[in-house]
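Undergrad: File data-v6.pdb follows (PDB, C-alpha atoms):
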ATOM      1  CA  MET A  26       5.390  83.065  23.985
ATOM      2  CA  ASN A  27       5.994  86.540  22.593
ATOM      3  CA  SER A  28       6.027  87.312  18.881
ATOM      4  CA  ASN A  29       9.796  87.174  18.714
ATOM      5  CA  GLU A  30       9.917  83.666  20.131
ATOM      6  CA  LYS A  31       7.537  82.510  17.416
ATOM      7  CA  HIS A  32      10.228  83.331  14.863
ATOM      8  CA  GLN A  33      12.961  81.524  16.771
ATOM      9  CA  PHE A  34      13.406  77.837  16.408
ATOM     10  CA  LEU A  35      14.469  75.614  19.247
ATOM     11  CA  GLY A  36      14.180  72.387  17.275
ATOM     12  CA  GLU A  37      16.136  69.241  18.036
ATOM     13  CA  SER A  38      19.369  71.105  18.696
ATOM     14  CA  GLY A  39      18.135  72.742  21.923
ATOM     15  CA  LEU A  40      19.561  76.049  20.692
ATOM     16  CA  TYR A  41      17.865  79.237  19.661
ATOM     17  CA  ASN A  42      19.610  81.192  16.929
ATOM     18  CA  ARG A  43      19.402  84.419  14.953
ATOM     19  CA  ILE A  44      20.963  83.189  11.732
ATOM     20  CA  ALA A  45      17.853  83.772   9.621
ATOM     21  CA  VAL A  46      17.416  87.318  10.980
ATOM     22  CA  LEU A  47      21.078  88.205  10.505
ATOM     23  CA  ARG A  48      21.104  86.733   7.021
ATOM     24  CA  ALA A  49      17.969  88.636   6.026
ATOM     25  CA  GLU A  50      19.379  91.867   7.465
ATOM     26  CA  ARG A  51      22.447  91.566   5.298
ATOM     27  CA  GLY A  52      20.642  90.245   2.235
ATOM     28  CA  ILE A  53      22.682  87.053   2.105
ATOM     29  CA  SER A  54      21.288  83.860   0.600
ATOM     30  CA  ARG A  55      21.736  80.488   2.274
ATOM     31  CA  GLN A  56      23.987  79.435  -0.587
ATOM     32  CA  GLU A  57      26.260  82.450  -0.091
ATOM     33  CA  LEU A  58      26.477  81.856   3.641
ATOM     34  CA  ALA A  59      27.102  78.144   3.071
ATOM     35  CA  ASP A  60      29.886  78.895   0.596
ATOM     36  CA  ALA A  61      31.513  81.291   3.050
ATOM     37  CA  LEU A  62      31.370  78.732   5.851
ATOM     38  CA  GLY A  63      32.312  75.719   3.734
ATOM     39  CA  VAL A  64      29.121  73.762   4.409
ATOM     40  CA  ASN A  65      26.234  72.601   2.231
ATOM     41  CA  TYR A  66      23.352  75.041   1.809
ATOM     42  CA  GLN A  67      21.007  72.443   3.269
ATOM     43  CA  THR A  68      22.943  72.645   6.509
ATOM     44  CA  ILE A  69      22.182  76.370   6.827
ATOM     45  CA  GLY A  70      18.466  75.577   6.638
ATOM     46  CA  PHE A  71      18.797  72.933   9.326
ATOM     47  CA  LEU A  72      20.767  75.373  11.500
ATOM     48  CA  GLU A  73      18.181  78.126  11.087
ATOM     49  CA  ARG A  74      15.322  75.811  12.016
ATOM     50  CA  GLY A  75      17.248  74.551  15.020
ATOM     51  CA  GLU A  76      17.235  71.019  13.644
ATOM     52  CA  TYR A  77      20.991  70.789  13.835
ATOM     53  CA  GLY A  78      23.281  71.989  16.598
ATOM     54  CA  PRO A  79      26.573  73.262  15.133
ATOM     55  CA  SER A  80      29.995  72.315  16.395
ATOM     56  CA  LEU A  81      31.844  74.947  18.406
ATOM     57  CA  LYS A  82      34.051  75.616  15.399
ATOM     58  CA  LEU A  83      31.108  76.248  13.076
ATOM     59  CA  ALA A  84      29.320  78.369  15.697
ATOM     60  CA  PHE A  85      32.389  80.593  16.047
ATOM     61  CA  GLN A  86      32.747  80.745  12.247
ATOM     62  CA  ILE A  87      29.142  81.930  11.964
ATOM     63  CA  GLY A  88      29.688  84.524  14.667
ATOM     64  CA  ALA A  89      32.850  85.744  12.968
ATOM     65  CA  TYR A  90      31.107  85.898   9.590
ATOM     66  CA  PHE A  91      28.444  88.229  10.977
ATOM     67  CA  GLY A  92      30.997  90.103  13.089
ATOM     68  CA  LEU A  93      29.212  89.184  16.295
ATOM     69  CA  PRO A  94      30.093  87.209  19.403
ATOM     70  CA  VAL A  95      28.796  83.666  19.317
ATOM     71  CA  GLU A  96      26.328  84.357  22.155
ATOM     72  CA  ALA A  97      24.682  87.004  19.969
ATOM     73  CA  VAL A  98      23.893  84.336  17.376
ATOM     74  CA  PHE A  99      23.164  81.255  19.504
ATOM     75  CA  SER A 100      21.502  80.943  22.878
ATOM     76  CA  THR A 101      19.897  78.271  25.019
ATOM     77  CA  ASN A 102      17.214  80.818  25.969
ATOM     78  CA  PRO A 103      14.876  82.680  23.606
ATOM     79  CA  PHE A 104      16.351  85.926  22.329
ATOM     80  CA  THR A 105      14.723  89.219  23.224
ATOM     81  CA  PRO A 106      13.707  91.241  20.157
ATOM     82  CA  LEU A 107      16.550  93.293  18.695
ATOM     83  CA  SER A 108      14.410  96.445  18.859
ATOM     84  CA  GLU A 109      13.890  95.844  22.561
ATOM     85  CA  GLN A 110      17.584  95.350  23.076
ATOM     86  CA  VAL A 111      18.460  98.521  21.184
ATOM     87  CA  TYR A 112      15.766 100.833  22.549
ATOM     88  CA  GLY A 113      15.067  99.079  25.816
ATOM     89  CA  ARG A 114      11.281  99.144  25.443
ATOM     90  CA  PRO A 115       9.293  95.924  25.671
ATOM     91  CA  MET A 116       6.654  95.496  22.950
ATOM     92  CA  GLU A 117       3.858  95.525  25.549
ATOM     93  CA  ASP A 118       4.728  99.146  26.447
ATOM     94  CA  ASN A 119       3.885 100.258  22.925
ATOM     95  CA  LYS A 120       0.278  99.066  23.187
TER      96      LYS A 120
ATOM     97  CA  MET B  24      23.260  64.861  -0.546
ATOM     98  CA  ASN B  25      22.661  65.276  -4.275
ATOM     99  CA  SER B  26      19.169  66.375  -5.214
ATOM    100  CA  THR B  27      19.018  64.631  -8.598
ATOM    101  CA  ILE B  28      20.126  61.347 -10.049
ATOM    102  CA  ASN B  29      21.097  60.839 -13.668
ATOM    103  CA  LEU B  30      20.228  57.456 -15.140
ATOM    104  CA  PHE B  31      21.744  57.325 -18.624
ATOM    105  CA  GLY B  32      20.704  60.896 -19.345
ATOM    106  CA  LEU B  33      17.352  60.711 -17.573
ATOM    107  CA  HIS B  34      17.507  63.288 -14.776
ATOM    108  CA  VAL B  35      15.289  62.326 -11.861
ATOM    109  CA  SER B  36      14.731  64.731  -8.985
ATOM    110  CA  MET B  37      15.323  63.145  -5.605
ATOM    111  CA  GLU B  38      14.456  66.177  -3.492
ATOM    112  CA  ARG B  39      11.334  64.484  -2.132
ATOM    113  CA  ARG B  40      11.906  61.960   0.607
ATOM    114  CA  SER B  41       9.118  59.765  -0.764
ATOM    115  CA  ARG B  42      11.065  59.338  -4.018
ATOM    116  CA  ARG B  43      14.246  58.443  -2.173
ATOM    117  CA  ARG B  44      12.336  55.904  -0.114
ATOM    118  CA  ALA B  45      10.821  54.428  -3.257
ATOM    119  CA  LEU B  46      14.316  54.143  -4.746
ATOM    120  CA  VAL B  47      15.598  52.351  -1.630
ATOM    121  CA  VAL B  48      12.669  49.907  -1.709
ATOM    122  CA  CYS B  49      13.185  49.213  -5.436
ATOM    123  CA  LEU B  50      16.907  48.629  -4.988
ATOM    124  CA  TYR B  51      16.439  46.234  -2.087
ATOM    125  CA  ILE B  52      13.745  44.343  -4.019
ATOM    126  CA  LEU B  53      16.248  44.033  -6.878
ATOM    127  CA  LEU B  54      18.990  42.887  -4.521
ATOM    128  CA  ALA B  55      16.612  40.395  -2.894
ATOM    129  CA  ALA B  56      15.677  39.047  -6.324
ATOM    130  CA  LEU B  57      19.358  38.666  -7.195
ATOM    131  CA  PHE B  58      19.936  36.939  -3.870
ATOM    132  CA  VAL B  59      17.089  34.458  -4.430
ATOM    133  CA  PHE B  60      18.305  33.784  -7.957
ATOM    134  CA  SER B  61      21.806  33.124  -6.674
ATOM    135  CA  TRP B  62      20.459  30.983  -3.819
ATOM    136  CA  ARG B  63      18.480  28.769  -6.183
ATOM    137  CA  ALA B  64      21.560  28.435  -8.367
ATOM    138  CA  LYS B  65      23.504  27.139  -5.331
ATOM    139  CA  HIS B  66      25.455  30.383  -5.075
ATOM    140  CA  GLU B  67      27.067  30.038  -8.470
ATOM    141  CA  PHE B  68      26.351  33.711  -9.090
ATOM    142  CA  ASP B  69      27.228  35.103  -5.671
ATOM    143  CA  VAL B  70      30.365  36.649  -7.086
ATOM    144  CA  LEU B  71      28.221  38.675  -9.504
ATOM    145  CA  LEU B  72      26.079  39.873  -6.622
ATOM    146  CA  ILE B  73      29.140  40.880  -4.626
ATOM    147  CA  PHE B  74      30.573  42.826  -7.570
ATOM    148  CA  PHE B  75      27.182  44.418  -8.168
ATOM    149  CA  ILE B  76      27.285  46.093  -4.761
ATOM    150  CA  PRO B  77      29.972  48.706  -5.663
ATOM    151  CA  PHE B  78      27.856  49.581  -8.703
ATOM    152  CA  PHE B  79      24.873  50.214  -6.448
ATOM    153  CA  ASN B  80      26.985  52.232  -4.053
ATOM    154  CA  LYS B  81      28.468  54.426  -6.752
ATOM    155  CA  PHE B  82      25.476  55.190  -8.894
ATOM    156  CA  PHE B  83      22.556  55.026  -6.502
ATOM    157  CA  PHE B  84      23.601  55.277  -2.888
ATOM    158  CA  GLY B  85      26.965  57.060  -2.900
ATOM    159  CA  GLY B  86      28.972  57.382   0.274
ATOM    160  CA  GLY B  87      32.167  56.033  -1.231
ATOM    161  CA  PRO B  88      35.118  58.099  -2.457
ATOM    162  CA  TYR B  89      33.097  59.027  -5.551
ATOM    163  CA  ALA B  90      31.334  62.184  -6.594
ATOM    164  CA  GLY B  91      28.400  60.263  -8.055
ATOM    165  CA  GLY B  92      25.545  58.845  -6.044
ATOM    166  CA  LEU B  93      23.034  60.600  -3.868
ATOM    167  CA  VAL B  94      24.867  60.472  -0.560
ATOM    168  CA  ALA B  95      27.977  62.619  -0.068
ATOM    169  CA  PRO B  96      31.267  60.739   0.344
ATOM    170  CA  PHE B  97      31.686  59.444   3.879
ATOM    171  CA  THR B  98      35.289  60.548   4.105
ATOM    172  CA  LYS B  99      36.171  64.055   5.196
ATOM    173  CA  VAL B 100      39.289  64.242   3.049
ATOM    174  CA  GLN B 101      38.547  64.127  -0.648
ATOM    175  CA  PRO B 102      40.532  61.889  -2.980
ATOM    176  CA  ILE B 103      43.222  63.758  -4.925
ATOM    177  CA  TRP B 104      41.407  63.298  -8.233
ATOM    178  CA  LEU B 105      38.350  65.163  -6.916
ATOM    179  CA  ARG B 106      40.116  68.182  -5.414
ATOM    180  CA  SER B 107      40.198  70.302  -8.563
ATOM    181  CA  ASP B 108      37.147  72.473  -9.143
ATOM    182  CA  PRO B 109      35.219  71.250 -11.075
ATOM    183  CA  PRO B 110      36.481  67.704 -10.589
ATOM    184  CA  PRO B 111      37.417  65.750 -13.715
ATOM    185  CA  GLN B 112      34.728  63.452 -15.054
ATOM    186  CA  SER B 113      35.169  60.290 -17.018
ATOM    187  CA  ARG B 114      32.846  59.441 -19.898
ATOM    188  CA  ILE B 115      30.980  56.971 -17.705
ATOM    189  CA  ASP B 116      30.621  59.581 -14.972
ATOM    190  CA  ARG B 117      29.024  62.014 -17.445
ATOM    191  CA  TRP B 118      26.383  59.383 -18.186
ATOM    192  CA  PHE B 119      25.446  59.041 -14.572
ATOM    193  CA  TRP B 120      26.158  62.338 -12.830
ATOM    194  CA  ALA B 121      23.362  64.828 -12.639
ATOM    195  CA  ARG B 122      25.684  67.752 -13.385
ATOM    196  CA  ALA B 123      29.317  68.740 -13.116
ATOM    197  CA  PRO B 124      29.556  69.201  -9.350
ATOM    198  CA  ARG B 125      31.752  71.674  -7.563
ATOM    199  CA  ALA B 126      34.401  70.241  -5.275
ATOM    200  CA  LYS B 127      32.686  71.731  -2.206
ATOM    201  CA  ASP B 128      29.380  70.136  -3.215
ATOM    202  CA  ILE B 129      31.030  66.747  -3.150
ATOM    203  CA  ALA B 130      32.574  67.126   0.282
ATOM    204  CA  SER B 131      30.719  66.074   3.404
ATOM    205  CA  ASP B 132      30.244  68.836   5.932
ATOM    206  CA  GLU B 133      29.973  68.325   9.680
ATOM    207  CA  ARG B 134      26.220  67.671   9.589
ATOM    208  CA  ASP B 135      26.699  65.042   6.865
ATOM    209  CA  ARG B 136      29.356  63.362   8.967
ATOM    210  CA  ALA B 137      27.184  63.437  12.089
ATOM    211  CA  ARG B 138      24.331  61.806  10.148
ATOM    212  CA  ARG B 139      26.788  59.315   8.648
ATOM    213  CA  ASP B 140      27.886  58.239  12.122
ATOM    214  CA  ARG B 141      24.299  57.826  13.322
ATOM    215  CA  ALA B 142      23.403  55.856  10.192
ATOM    216  CA  HIS B 143      26.329  53.500  10.710
ATOM    217  CA  MET B 144      25.327  52.964  14.325
ATOM    218  CA  ARG B 145      21.758  52.152  13.271
ATOM    219  CA  SER B 146      22.889  49.864  10.474
ATOM    220  CA  HIS B 147      25.224  48.086  12.878
ATOM    221  CA  VAL B 148      22.261  47.356  15.161
ATOM    222  CA  VAL B 149      20.074  46.203  12.252
ATOM    223  CA  LEU B 150      22.841  44.069  10.769
ATOM    224  CA  GLY B 151      23.520  42.412  14.107
ATOM    225  CA  PHE B 152      19.802  41.721  14.593
ATOM    226  CA  VAL B 153      19.364  40.259  11.092
ATOM    227  CA  LEU B 154      22.421  38.024  11.395
ATOM    228  CA  TYR B 155      21.422  36.897  14.891
ATOM    229  CA  LEU B 156      17.912  36.105  13.678
ATOM    230  CA  SER B 157      19.204  34.284  10.599
ATOM    231  CA  PHE B 158      21.625  32.229  12.641
ATOM    232  CA  SER B 159      18.922  31.370  15.184
ATOM    233  CA  ALA B 160      16.585  30.235  12.413
ATOM    234  CA  LEU B 161      19.427  28.240  10.951
ATOM    235  CA  TRP B 162      20.146  26.576  14.289
ATOM    236  CA  LEU B 163      16.496  25.630  14.751
ATOM    237  CA  HIS B 164      16.460  23.976  11.347
ATOM    238  CA  ARG B 165      19.903  22.445  11.599
ATOM    239  CA  GLU B 166      20.494  19.230   9.775
ATOM    240  CA  GLY B 167      22.734  17.526  12.299
ATOM    241  CA  PRO B 168      21.295  16.149  15.533
ATOM    242  CA  ILE B 169      24.301  17.155  17.630
ATOM    243  CA  TRP B 170      25.087  20.724  18.625
ATOM    244  CA  GLY B 171      27.929  22.105  16.572
ATOM    245  CA  GLU B 172      27.904  19.323  14.037
ATOM    246  CA  HIS B 173      26.523  19.964  10.552
ATOM    247  CA  LEU B 174      25.321  23.230  11.943
ATOM    248  CA  ILE B 175      25.736  25.196   8.768
ATOM    249  CA  SER B 176      25.513  23.799   5.286
ATOM    250  CA  ASP B 177      27.548  25.556   2.613
ATOM    251  CA  ASN B 178      24.363  26.932   1.121
ATOM    252  CA  TRP B 179      23.288  28.580   4.366
ATOM    253  CA  ALA B 180      26.791  29.778   5.178
ATOM    254  CA  PHE B 181      27.124  31.467   1.794
ATOM    255  CA  GLY B 182      23.671  32.948   2.220
ATOM    256  CA  LEU B 183      24.531  34.463   5.585
ATOM    257  CA  ILE B 184      27.782  35.878   4.245
ATOM    258  CA  ILE B 185      26.026  37.435   1.261
ATOM    259  CA  ILE B 186      23.334  38.985   3.457
ATOM    260  CA  GLY B 187      26.018  40.377   5.752
ATOM    261  CA  VAL B 188      28.058  41.839   2.905
ATOM    262  CA  VAL B 189      25.063  43.373   1.143
ATOM    263  CA  LEU B 190      23.628  44.948   4.281
ATOM    264  CA  SER B 191      26.956  46.187   5.624
ATOM    265  CA  GLN B 192      27.731  47.861   2.287
ATOM    266  CA  THR B 193      24.354  49.397   1.540
ATOM    267  CA  LEU B 194      22.437  49.905   4.769
ATOM    268  CA  PRO B 195      24.140  53.110   6.057
ATOM    269  CA  GLN B 196      23.494  54.882   2.759
ATOM    270  CA  ALA B 197      19.956  53.508   2.579
ATOM    271  CA  ILE B 198      19.231  54.798   6.097
ATOM    272  CA  LEU B 199      20.530  58.244   5.103
ATOM    273  CA  LEU B 200      18.344  58.322   1.996
ATOM    274  CA  TRP B 201      15.373  57.078   4.004
ATOM    275  CA  THR B 202      15.644  59.584   6.844
ATOM    276  CA  GLU B 203      16.800  62.807   5.137
ATOM    277  CA  PRO B 204      13.834  65.220   5.016
ATOM    278  CA  ASP B 205      12.592  66.842   1.810
ATOM    279  CA  MET B 206      15.349  68.991   0.354
ATOM    280  CA  GLU B 207      15.175  72.693  -0.424
ATOM    281  CA  GLU B 208      16.361  74.189  -3.681
ATOM    282  CA  PRO B 209      19.178  76.734  -3.264
ATOM    283  CA  GLN B 210      17.412  79.422  -5.332
ATOM    284  CA  LYS B 211      14.398  79.293  -3.005
ATOM    285  CA  THR B 212      16.366  79.873   0.158
ATOM    286  CA  ASN B 213      16.884  83.606   0.127
TER     287      ASN B 213
END
Rewrite the coordinates I just gave you, this time as structure tokens.

TA:
Amino acid sequence: MNSNEKHQFLGESGLYNRIAVLRAERGISRQELADALGVNYQTIGFLERGEYGPSLKLAFQIGAYFGLPVEAVFSTNPFTPLSEQVYGRPMEDNK
Amino acid sequence: MNSTINLFGLHVSMERRSRRRALVVCLYILLAALFVFSWRAKHEFDVLLIFFIPFFNKFFFGGGPYAGGLVAPFTKVQPIWLRSDPPPQSRIDRWFWARAPRAKDIASDERDRARRDRAHMRSHVVLGFVLYLSFSALWLHREGPIWGEHLISDNWAFGLIIIGVVLSQTLPQAILLWTEPDMEEPQKTN
């Protein structure tokens, strides 16, 4: 498991997600995101930890909120680090 | 799910699952005591027990079309009187509600509804098991010697009905309170 996977939660939902990273990037609290999506703030926590798998509608709403396609937010496989995606250099190459 | 409960002005935090479980145990002990009292009184007070159940649902368990209670309303569509933001509160509601809730806090979201469905499925299984077990015990101790005759005395029949009503009305909410993990405070979730 690489360091990025450690910060991704598979949980009971069977889905990896980037909600926590995207939320932190934009400086949005769980309450603000919950209000925008029309769900309880507790639900955002469960989503981030992978303890709840969202409906298709909610998944698309989350993607639309962050201005990203849904596959950029949710995946059945661990996400590669964003830095690796942007610069194309695996973390091992930096050592 | 509400994180606090207001008992006549006494605000009690229910964020910890252990507290919610303790509340469920206390309420069922109270209901069992009421049931035994009514049983010994030959069901003279069953009607009080039956009318006590909505009180429990509203102020402790929730799940009905009310804003009070710990569990969010089970219905997706809110009653008309709760759609304004903040919803109107009666004097009695102010005594019991933890705070003036926002309309969106009262509504169940999709995760709440998914948990509601699972809780009802579980309670259906438990209710069926309890009633089956009760009826089997009743059959083994039947008064009449012939199958089907004098199978159920009025006392037993009333008892089974009361158990069924109480469990069917309270068990889904109790399962939700029992299984929901410790809650997070919104201000700590940045």

Undergrad: Counting all atoms listed in the file, give me one row per residue of chain A with an atom at most 8 Å from an atom of chain B, showing the shortest contact pair and its distance in Å to one decimal, sorted by chain then residue number, as a Markdown table.

TA:
| residue | atom | partner | partner_atom | distance |
| --- | --- | --- | --- | --- |
| A:Ala49 | CA | B:Asn213 | CA | 7.8 |
| A:Gly52 | CA | B:Asn213 | CA | 7.9 |
| A:Ile53 | CA | B:Asn213 | CA | 7.0 |
| A:Ser54 | CA | B:Asn213 | CA | 4.4 |
| A:Arg55 | CA | B:Thr212 | CA | 5.8 |
| A:Gln56 | CA | B:Pro209 | CA | 6.1 |
| A:Gly63 | CA | B:Lys127 | CA | 7.2 |
| A:Val64 | CA | B:Asp132 | CA | 5.3 |
| A:Asn65 | CA | B:Asp132 | CA | 6.6 |
| A:Tyr66 | CA | B:Pro209 | CA | 6.8 |
| A:Gln67 | CA | B:Glu207 | CA | 6.9 |
| A:Thr68 | CA | B:Arg134 | CA | 6.7 |
| A:Tyr77 | CA | B:Arg134 | CA | 7.4 |
| A:Pro79 | CA | B:Arg134 | CA | 7.9 |
| A:Ser80 | CA | B:Glu133 | CA | 7.8 |

Undergrad: Please provide as a ChimeraX atom specification all residues within 7 Å of A:Asn102, with the sequence filter that same-chain residues fewer than 2 positions apart are discarded (counting only C-alpha atoms).

TA: /A:41,100,104

Undergrad: In terms of the shortest atom-to-atom distance over all atoms listed in the file, which of B:Ala197, B:Gly151, B:Ile28, B:Phe74 is closest to B:Leu50?

TA: B:Ala197

Undergrad: For B:Ser41, which residue among B:Val149, B:Leu72, B:Thr193, B:Thr202 is the nearest when counting all atoms listed in the file?

TA: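 Going through B:Val149, B:Leu72, B:Thr193, B:Thr202 one by one, the smallest distance to B:Ser41 is for B:Thr202.
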
Undergrad: Could you tell me how far atom CA of A:Leu72 lies from atom CA of B:Leu194, in Å and to one decimal?

TA: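 Separation between atom CA of A:Leu72 and atom CA of B:Leu194: 26.4 Å.
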
Undergrad: Compile the contact shell of stretch 55-65 of chain B as a list in words: residues with an atom at most 8 Å away, counting all atoms listed in the file, same-chain residues fewer than 3 positions apart removed.

TA: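 Listed by chain and then number, they are Tyr51, Ile52, Phe68, Asp69, Leu72, Asn178, Gly182 and Ile185 of chain B.
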
Undergrad: So what do you get for atom CA of B:Leu200 versus atom CA of B:Val48, distance-wise?

TA: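 Going from atom CA of B:Leu200 over to atom CA of B:Val48 covers 10.8 Å.
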
Undergrad: Could you list, as a PyMOL selection string, every residue within 6 Å of B:Met37, counting all atoms listed in the file and ignoring same-chain residues fewer than 4 positions away?

TA: chain B and resi 26-27+42-43

Undergrad: Can you tell me how far atom CA of A:Arg51 sits from atom CA of A:Val111, in Å to one decimal?

TA: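 Separating atom CA of A:Arg51 from atom CA of A:Val111 is a distance of 17.8 Å.
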
Undergrad: Kindly list the centre and edge lengths in Å, rounded to one decimal, for the axis-aligned box that covers all listed atoms of stretch 98-113 of chain A plus 5 Å on each of its six sides, as JSON.

TA:
{"center_x": 18.8, "center_y": 89.6, "center_z": 21.7, "size_x": 20.2, "size_y": 32.6, "size_z": 18.6}
